[in-house]
Amino acid sequence: MRYVRFAKGAVTVVAATAACHTLMSAGFAWARDSAAESGDAMFSGSFEFLLTTAASWVLMPLLLWAGMRVMGETGNTVLVAVGGLVWLGLSGYFTDDIDRAGGHIPVLALAVYVLLGTGLAGVGPGRRS
């Protein structure tokens, strides 16, 4: 077993999850504020909402890749690809939960995502650069 690689993966996934969850919380608050400022006109806040969602979906695989590279690990294709796709599904499924004021993705769902990402971090050649 490569316990150090799993530990690096856990740190990376936790940091990336926290960053993307914070981004979504702040971005959806921005979208709600924008909609309120325009008097809740049709499609008000849609641009902010879509920008936030897209940024989170693009940022997660990028952070997973960069985090593992900063820690000297290569061969992270499975973590980046599967972790990014699972984040897309998870954040998409819980959009209504995080989109309300003070809302967040359930802690159990985030914990399962972190455990999955940690397991995926162990897949790959694990060569050091």
# chains A, B, ... in the order shown; residues from 1 in each chain; ligands from 1
>>> residues_around(residues="A:Phe47", least_positions_apart="4", cutoff="12 Å", atoms="only C-alpha atoms", output="compact mmCIF listing (two decimals) with N, CA and C atoms, in the first residue's frame")
# COMPACT_ATOMS: atom_id res chain seq x y z
N GLY A 27 -20.85 32.34 -4.76
CA GLY A 27 -21.40 32.64 -6.08
C GLY A 27 -22.91 32.60 -6.10
N PHE A 28 -23.50 31.63 -5.41
CA PHE A 28 -24.96 31.58 -5.37
C PHE A 28 -25.53 32.72 -4.55
N TRP A 30 -24.19 35.67 -4.51
CA TRP A 30 -24.06 36.75 -5.50
C TRP A 30 -25.24 36.72 -6.46
N ALA A 31 -25.61 35.53 -6.91
CA ALA A 31 -26.75 35.39 -7.83
C ALA A 31 -28.05 35.80 -7.15
N ARG A 32 -28.25 35.41 -5.89
CA ARG A 32 -29.46 35.80 -5.17
C ARG A 32 -29.51 37.31 -4.98
N SER A 34 -28.08 39.57 -6.87
CA SER A 34 -28.32 40.17 -8.18
C SER A 34 -29.79 40.09 -8.55
N ALA A 35 -30.41 38.96 -8.24
CA ALA A 35 -31.84 38.81 -8.54
C ALA A 35 -32.67 39.76 -7.69
N MET A 42 -37.47 38.25 -14.50
CA MET A 42 -37.23 36.94 -15.08
C MET A 42 -35.77 36.79 -15.50
N PHE A 43 -35.18 35.69 -15.17
CA PHE A 43 -33.80 35.34 -15.48
C PHE A 43 -32.76 36.23 -14.80
N LEU A 51 -22.38 31.07 -14.15
CA LEU A 51 -20.94 31.30 -14.05
C LEU A 51 -20.36 30.59 -12.83
N THR A 52 -21.05 30.67 -11.72
CA THR A 52 -20.60 30.01 -10.49
C THR A 52 -20.57 28.50 -10.67
N THR A 53 -21.61 27.95 -11.23
CA THR A 53 -21.68 26.50 -11.43
C THR A 53 -20.58 26.03 -12.37
N ALA A 54 -20.41 26.72 -13.48
CA ALA A 54 -19.36 26.34 -14.44
C ALA A 54 -17.97 26.48 -13.83
N ALA A 55 -17.76 27.55 -13.06
CA ALA A 55 -16.44 27.75 -12.43
C ALA A 55 -16.13 26.62 -11.46
>>> atom_distance(atom1="atom CA of A:His21", atom2="atom CA of A:Leu115")
16.2 Å
>>> select_by_dssp(residues="stretch 8-123 of chain A", states="helix (DSSP H, G or I)", output="PyMOL selection string")
chain A and resi 8-37+46-70+77-93+95-99+107-121
>>> closest_residue(among="A:Ala101, A:Gly124, A:Val70, A:Gly84", to="A:Val11", atoms="only C-alpha atoms")
A:Val70
>>> atom_distance(atom1="atom CA of A:Ile105", atom2="atom CA of A:Phe49")
16.2 Å
>>> atom_distance(atom1="atom CA of A:Thr118", atom2="atom CA of A:Gly102")
27.5 Å
>>> residues_around(residues="A:Leu63", least_positions_apart="3", cutoff="8 Å", atoms="only C-alpha atoms", output="PyMOL selection string")
chain A and resi 12+16+59-60+66-67
>>> residues_around(residues="stretch 71-80 of chain A", least_positions_apart="3", cutoff="8 Å", atoms="only C-alpha atoms", output="PyMOL selection string")
chain A and resi 5+8+61-62+64-65+67-68+83-84+117+120-121+123-129
>>> residues_around(residues="A:Val107", least_positions_apart="2", cutoff="12 Å", atoms="only C-alpha atoms", output="list in words")
Thr17, Ala18, His21, Leu90, Phe94, Asp97, Ile98, Gly103, His104, Ile105, Ala109, Leu110, Ala111, Val112, Tyr113 and Val114 of chain A
>>> write_last_selection(atoms="C-alpha atoms", output="short mmCIF file (atom, residue, chain, number, x, y, z; two decimals), in the first residue's frame")
data_model
loop_
_atom_site.label_atom_id
_atom_site.label_comp_id
_atom_site.auth_asym_id
_atom_site.auth_seq_id
_atom_site.Cartn_x
_atom_site.Cartn_y
_atom_site.Cartn_z
CA THR A 17 -13.74 20.35 -1.97
CA ALA A 18 -13.56 23.21 0.52
CA HIS A 21 -17.94 24.49 -1.93
CA LEU A 90 -22.70 15.79 -6.55
CA PHE A 94 -27.34 19.28 -4.28
CA ASP A 97 -29.38 22.70 -0.94
CA ILE A 98 -26.39 24.99 -1.41
CA GLY A 103 -27.22 26.25 2.78
CA HIS A 104 -24.56 23.69 2.06
CA ILE A 105 -24.07 20.27 0.58
CA ALA A 109 -22.21 13.59 0.93
CA LEU A 110 -19.03 15.65 1.22
CA ALA A 111 -17.42 12.99 3.43
CA VAL A 112 -18.27 10.26 0.92
CA TYR A 113 -16.79 12.40 -1.86
CA VAL A 114 -13.58 12.91 0.13
#
>>> closest_residue(among="A:Ala7, A:Val13, A:Leu50, A:Leu108", to="A:Gly92", atoms="only C-alpha atoms")
A:Leu50
